[in-house]
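For reference, the structure is listed below as structure tokens.
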Amino acid sequence: MSKSPELASMETATVSTWVNSSSGTPEPKSPLDSRSTTPPPAPDNGGYPDGGLKAWLTVFGAVLALFCCGQLTAFGVFETWYAQNQLNSLPASTIAWIGSLQLWVLYFSGSFLGRIFDAFGPRVILIPGSALLVFATMMTSVCKEYYQFLLVQGLLTGLSYGMLFYPSFAAISTHFRRYRATAVGIAIAGSGAGGVVFPIMLRHLFAKIGFGWAVRIVGFMCLVLCSISCATITSRIPPGRKNTSIIPSTAVVRDAPFVLLVMGCFLVNFGLFIPFVYLANYSIYRGISSATSFYIISAMNGGSIFGRVAPAYLADVVGRFNIAAPSAFLMGLFALVFWMFARSLVAIVLFAVVYGCFAGAFLAMQIPCVAQISNIEEVGTRIGILYSVASFGVLAGGPAAGATLKISQGSYTGMMILCAVLNILGSLLLLAAKCRVNPRIFGRV
């Protein structure tokens, strides 16, 4: 039974379709072979404006919302501050649970937030998410005990990041088709920009006005920026409901390329964020002043801006897996042969920039890789599965690295090896997933 044009258009507006088409991947026409074929020329835009005032205002609002989310990758600044001040009696592995919980909640919230967007549109999520972010930031400024930071900065702030992150990208998808990669690339660069600005800003504010008011100023910034985002982010298509089962089909676990992809992403996400959390502390360990160490996190996030934007264009030429797997491998390789021997400020900053670039490339490719090997009807469910599984790797990465630091009696060598091994093993699983689709080592997938 054929679908009406109206119903087809409605389904195109869902989060699931956004995930698939944001990478420029067409709907496959055969089970396996079509996953690696070159996509045909883009069809007509089917009513998508691909520009105009509302469309670019949505991109602008998404940039502002994701800029606020940039605090997530700047947690190393808080990690260093807490270790020297409020939580100086706790080991690094314990403090790291705060940042790990943030990341876990952001990742894990994707599956149910996507379904809410499908049913009700962006503002139903954005408005309470913005309010929650401001509330949690203000409450963080008065926290004193570890459990308070864990609940407020870890749980509540992480959930608010998810409530800004997912609807922002989903809304962009309803305005753009042909230029969707460009629009999404501009938006995702906002989080990298936030990751550059917040460490530098907080470093100066901590020194001049103290922790409490420094964090409150960030809260007021988020209030202004998120208010603009709520006003400018719109969905072109009225929200609709999909008749999609909450329980995924058992066929998903029998799809070898997808299972290998999920396992690979779990391992890479386990190791990826370790330098983001601990590199500032490592620089202090090497004799660099705490005042200077804050800039290292900004350098890493600066590198990730390029890494997040460039793959949107390059992946359409060489393939999504052909970007993701080498990026993960190079993260591991540089952790092993570069971070291991980085002693001076110049070497540490250079490592931060290079590692951030490849980390940004991998993070930008996770969703397109799922879309590349999935049928359009399953993309939303599979994205939820991948992020849910990967969230547990994200949750455990920081504390596991902190535990190796404690076992090694303050030596960072074990942490570096852990980061390297996890990223390299994950890259090999991504390569295996790619080869199950196209056995040619340089084949486009």
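Each chain in the structure tokens gets a letter, A, B and so on, in the order shown; residues start at 1 in every chain, and ligands are counted from 1 in the order they appear.
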**Request:** Might you pull out every residue within 12 Å of Pro326 of chain A, with only C-alpha atoms counted and same-chain residues fewer than 5 positions away left off, and present them as a PyMOL selection string?
**Result:** chain A and resi 268+318-321+331-334+358-359+361-362+365+423-431+434+441-442
Residues at most 9 Å from segment 76-80 of chain A, counting only C-alpha atoms, excluding those fewer than 2 positions away in the same chain, as a tab-separated table (two decimals) with all heavy atoms, in the first residue's frame?
chain	number	residue	atom	x	y	z
A	73	THR	N	32.88	19.53	27.47
A	73	THR	CA	34.26	19.14	27.17
A	73	THR	C	35.26	20.03	27.89
A	73	THR	O	36.47	19.82	27.74
A	73	THR	CB	34.52	19.19	25.65
A	73	THR	OG1	34.13	20.47	25.14
A	73	THR	CG2	33.73	18.12	24.93
A	74	ALA	N	34.78	21.01	28.65
A	74	ALA	CA	35.66	21.86	29.46
A	74	ALA	C	35.67	21.41	30.91
A	74	ALA	O	36.14	22.14	31.78
A	74	ALA	CB	35.21	23.32	29.36
A	82	TYR	N	38.51	21.52	41.46
A	82	TYR	CA	37.99	20.73	42.58
A	82	TYR	C	39.11	19.99	43.31
A	82	TYR	O	39.10	19.87	44.53
A	82	TYR	CB	36.96	19.71	42.09
A	82	TYR	CG	35.69	20.31	41.54
A	82	TYR	CD1	34.91	19.63	40.60
A	82	TYR	CD2	35.24	21.57	41.93
A	82	TYR	CE1	33.74	20.17	40.09
A	82	TYR	CE2	34.09	22.13	41.42
A	82	TYR	CZ	33.33	21.43	40.50
A	82	TYR	OH	32.18	21.97	39.98
A	83	ALA	N	40.08	19.47	42.53
A	83	ALA	CA	41.18	18.72	43.13
A	83	ALA	C	42.04	19.59	44.03
A	83	ALA	O	42.70	19.08	44.96
A	83	ALA	CB	42.05	18.10	42.04
A	84	GLN	N	42.01	20.91	43.81
A	84	GLN	CA	42.83	21.83	44.59
A	84	GLN	C	42.03	22.59	45.64
A	84	GLN	O	42.62	23.26	46.49
A	84	GLN	CB	43.53	22.83	43.66
A	84	GLN	CG	44.50	22.19	42.68
A	84	GLN	CD	45.05	23.18	41.67
A	84	GLN	OE1	44.58	24.31	41.58
A	84	GLN	NE2	46.06	22.75	40.91
A	85	ASN	N	40.70	22.48	45.58
A	85	ASN	CA	39.87	23.30	46.46
A	85	ASN	C	38.78	22.48	47.16
A	85	ASN	O	39.08	21.75	48.10
A	85	ASN	CB	39.27	24.47	45.68
A	85	ASN	CG	40.33	25.43	45.17
A	85	ASN	OD1	40.77	26.32	45.89
A	85	ASN	ND2	40.77	25.26	43.92
A	92	ALA	N	41.50	11.56	42.35
A	92	ALA	CA	41.07	12.02	41.02
A	92	ALA	C	40.00	11.12	40.43
A	92	ALA	O	39.09	11.59	39.74
A	92	ALA	CB	42.28	12.08	40.09
A	95	ILE	N	36.56	12.22	41.78
A	95	ILE	CA	36.10	13.49	41.20
A	95	ILE	C	35.67	13.29	39.75
A	95	ILE	O	34.71	13.91	39.27
A	95	ILE	CB	37.22	14.55	41.29
A	95	ILE	CG1	37.59	14.80	42.75
A	95	ILE	CG2	36.79	15.86	40.62
A	95	ILE	CD1	38.79	15.71	42.93
A	96	ALA	N	36.35	12.41	39.03
A	96	ALA	CA	36.06	12.19	37.60
A	96	ALA	C	34.64	11.67	37.37
A	96	ALA	O	34.11	11.80	36.26
A	96	ALA	CB	37.07	11.23	37.00
A	98	ILE	N	31.97	12.91	38.30
A	98	ILE	CA	31.07	14.03	38.02
A	98	ILE	C	31.01	14.27	36.51
A	98	ILE	O	29.93	14.32	35.91
A	98	ILE	CB	31.55	15.32	38.74
A	98	ILE	CG1	31.62	15.08	40.25
A	98	ILE	CG2	30.61	16.49	38.42
A	98	ILE	CD1	32.29	16.22	41.01
A	99	GLY	N	32.18	14.42	35.87
A	99	GLY	CA	32.21	14.63	34.43
A	99	GLY	C	31.73	13.42	33.66
A	99	GLY	O	31.06	13.55	32.63
A	198	PHE	N	35.02	28.68	27.41
A	198	PHE	CA	34.72	28.49	28.83
A	198	PHE	C	35.97	28.23	29.69
A	198	PHE	O	36.08	28.81	30.78
A	198	PHE	CB	33.69	27.38	29.01
A	198	PHE	CG	32.29	27.82	28.73
A	198	PHE	CD1	31.58	27.27	27.68
A	198	PHE	CD2	31.68	28.80	29.50
A	198	PHE	CE1	30.28	27.68	27.40
A	198	PHE	CE2	30.39	29.22	29.25
A	198	PHE	CZ	29.67	28.65	28.19
A	199	PRO	N	36.92	27.39	29.27
A	199	PRO	CA	38.09	27.21	30.13
A	199	PRO	C	38.87	28.50	30.36
A	199	PRO	O	39.31	28.77	31.49
A	199	PRO	CB	38.94	26.18	29.37
A	199	PRO	CG	37.96	25.44	28.52
A	199	PRO	CD	36.95	26.47	28.11
A	202	LEU	N	36.64	30.87	32.61
A	202	LEU	CA	36.55	30.40	33.99
A	202	LEU	C	37.89	30.55	34.71
A	202	LEU	O	37.92	30.87	35.92
A	202	LEU	CB	36.09	28.95	34.01
A	202	LEU	CG	34.62	28.72	33.67
A	202	LEU	CD1	34.33	27.24	33.46
A	202	LEU	CD2	33.71	29.29	34.76
A	203	ARG	N	38.98	30.32	33.99
A	203	ARG	CA	40.30	30.48	34.60
A	203	ARG	C	40.46	31.89	35.16
A	203	ARG	O	40.89	32.08	36.31
A	203	ARG	CB	41.38	30.17	33.54
A	203	ARG	CG	42.72	30.81	33.77
A	203	ARG	CD	43.49	30.14	34.90
A	203	ARG	NE	44.73	30.86	35.14
A	203	ARG	CZ	44.87	31.87	35.99
A	203	ARG	NH1	43.83	32.32	36.69
A	203	ARG	NH2	46.05	32.45	36.16
A	275	PRO	N	41.89	12.19	27.91
A	275	PRO	CA	42.71	13.41	27.88
A	275	PRO	C	41.91	14.68	28.16
A	275	PRO	O	42.46	15.63	28.73
A	275	PRO	CB	43.27	13.41	26.45
A	275	PRO	CG	43.24	11.98	26.04
A	275	PRO	CD	42.00	11.43	26.65
A	276	PHE	N	40.65	14.72	27.75
A	276	PHE	CA	39.85	15.91	28.02
A	276	PHE	C	39.71	16.16	29.52
A	276	PHE	O	39.62	17.29	29.97
A	276	PHE	CB	38.46	15.76	27.40
A	276	PHE	CG	38.42	15.99	25.92
A	276	PHE	CD1	38.59	14.95	25.03
A	276	PHE	CD2	38.21	17.26	25.40
A	276	PHE	CE1	38.55	15.15	23.66
A	276	PHE	CE2	38.18	17.48	24.04
A	276	PHE	CZ	38.34	16.42	23.16
A	277	VAL	N	39.69	15.08	30.30
A	277	VAL	CA	39.52	15.20	31.75
A	277	VAL	C	40.86	15.42	32.45
A	277	VAL	O	40.95	16.21	33.39
A	277	VAL	CB	38.81	13.95	32.30
A	277	VAL	CG1	38.72	14.01	33.83
A	277	VAL	CG2	37.41	13.82	31.70
A	278	TYR	N	41.91	14.76	31.99
A	278	TYR	CA	43.14	14.69	32.78
A	278	TYR	C	44.32	15.45	32.20
A	278	TYR	O	45.37	15.53	32.86
A	278	TYR	CB	43.56	13.22	32.97
A	278	TYR	CG	42.67	12.50	33.95
A	278	TYR	CD1	41.67	11.65	33.51
A	278	TYR	CD2	42.83	12.66	35.32
A	278	TYR	CE1	40.85	10.98	34.40
A	278	TYR	CE2	42.03	12.00	36.22
A	278	TYR	CZ	41.04	11.16	35.76
A	278	TYR	OH	40.23	10.51	36.64
A	279	LEU	N	44.22	16.00	31.00
A	279	LEU	CA	45.40	16.62	30.41
A	279	LEU	C	45.84	17.87	31.18
A	279	LEU	O	47.04	18.15	31.29
A	279	LEU	CB	45.14	16.97	28.93
A	279	LEU	CG	46.39	17.29	28.11
A	279	LEU	CD1	47.36	16.12	28.11
A	279	LEU	CD2	46.01	17.65	26.68
A	280	ALA	N	44.88	18.63	31.71
A	280	ALA	CA	45.25	19.81	32.51
A	280	ALA	C	46.02	19.38	33.75
A	280	ALA	O	47.04	19.99	34.12
A	280	ALA	CB	44.00	20.61	32.89
A	281	ASN	N	45.54	18.34	34.43
A	281	ASN	CA	46.26	17.83	35.60
A	281	ASN	C	47.63	17.29	35.22
A	281	ASN	O	48.61	17.46	35.98
A	281	ASN	CB	45.45	16.72	36.28
A	281	ASN	CG	44.30	17.27	37.10
A	281	ASN	OD1	44.24	18.45	37.39
A	281	ASN	ND2	43.37	16.40	37.46
A	290	SER	N	49.26	25.99	37.14
A	290	SER	CA	47.83	25.74	37.02
A	290	SER	C	47.15	26.83	36.21
A	290	SER	O	46.15	26.58	35.53
A	290	SER	CB	47.19	25.64	38.41
A	290	SER	OG	47.40	26.84	39.15
A	293	SER	N	47.64	25.77	32.64
A	293	SER	CA	47.05	24.48	32.30
A	293	SER	C	45.62	24.61	31.79
A	293	SER	O	45.15	23.78	31.01
A	293	SER	CB	47.08	23.56	33.52
A	293	SER	OG	46.21	24.02	34.54
A	294	PHE	N	44.91	25.65	32.23
A	294	PHE	CA	43.53	25.83	31.78
A	294	PHE	C	43.46	26.06	30.27
A	294	PHE	O	42.47	25.71	29.63
A	294	PHE	CB	42.89	27.02	32.51
A	294	PHE	CG	42.56	26.73	33.95
A	294	PHE	CD1	43.49	26.87	34.95
A	294	PHE	CD2	41.29	26.30	34.30
A	294	PHE	CE1	43.18	26.61	36.27
A	294	PHE	CE2	40.95	26.03	35.62
A	294	PHE	CZ	41.91	26.18	36.62
A	297	ILE	N	43.07	22.83	27.76
A	297	ILE	CA	41.74	22.33	27.42
A	297	ILE	C	41.14	23.13	26.27
A	297	ILE	O	40.51	22.57	25.36
A	297	ILE	CB	40.82	22.38	28.65
A	297	ILE	CG1	41.45	21.62	29.83
A	297	ILE	CG2	39.45	21.82	28.32
A	297	ILE	CD1	41.70	20.17	29.55
**Message:** Quick check, in Å to one decimal: how far apart do atom CA of Arg254 of chain A and atom CA of Phe392 of chain A lie?
**Reply:** 21.7 Å
**Message:** When you count only C-alpha atoms, which of these residues is closest to Glu145 of chain A: A:Leu87, A:Ala396, A:Gln409, A:Gly264?
**Reply:** A:Leu87
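Reported to one decimal place, the separation of atom CA of Leu336 of chain A from atom CA of Ala364 of chain A is 23.0 Å.
Comparing the minimum interatomic distances between Tyr313 of chain A and each of A:Pro91, A:Pro122, A:Gly356, A:Gly185, counting only C-alpha atoms, we find that A:Gly185 sits nearest.
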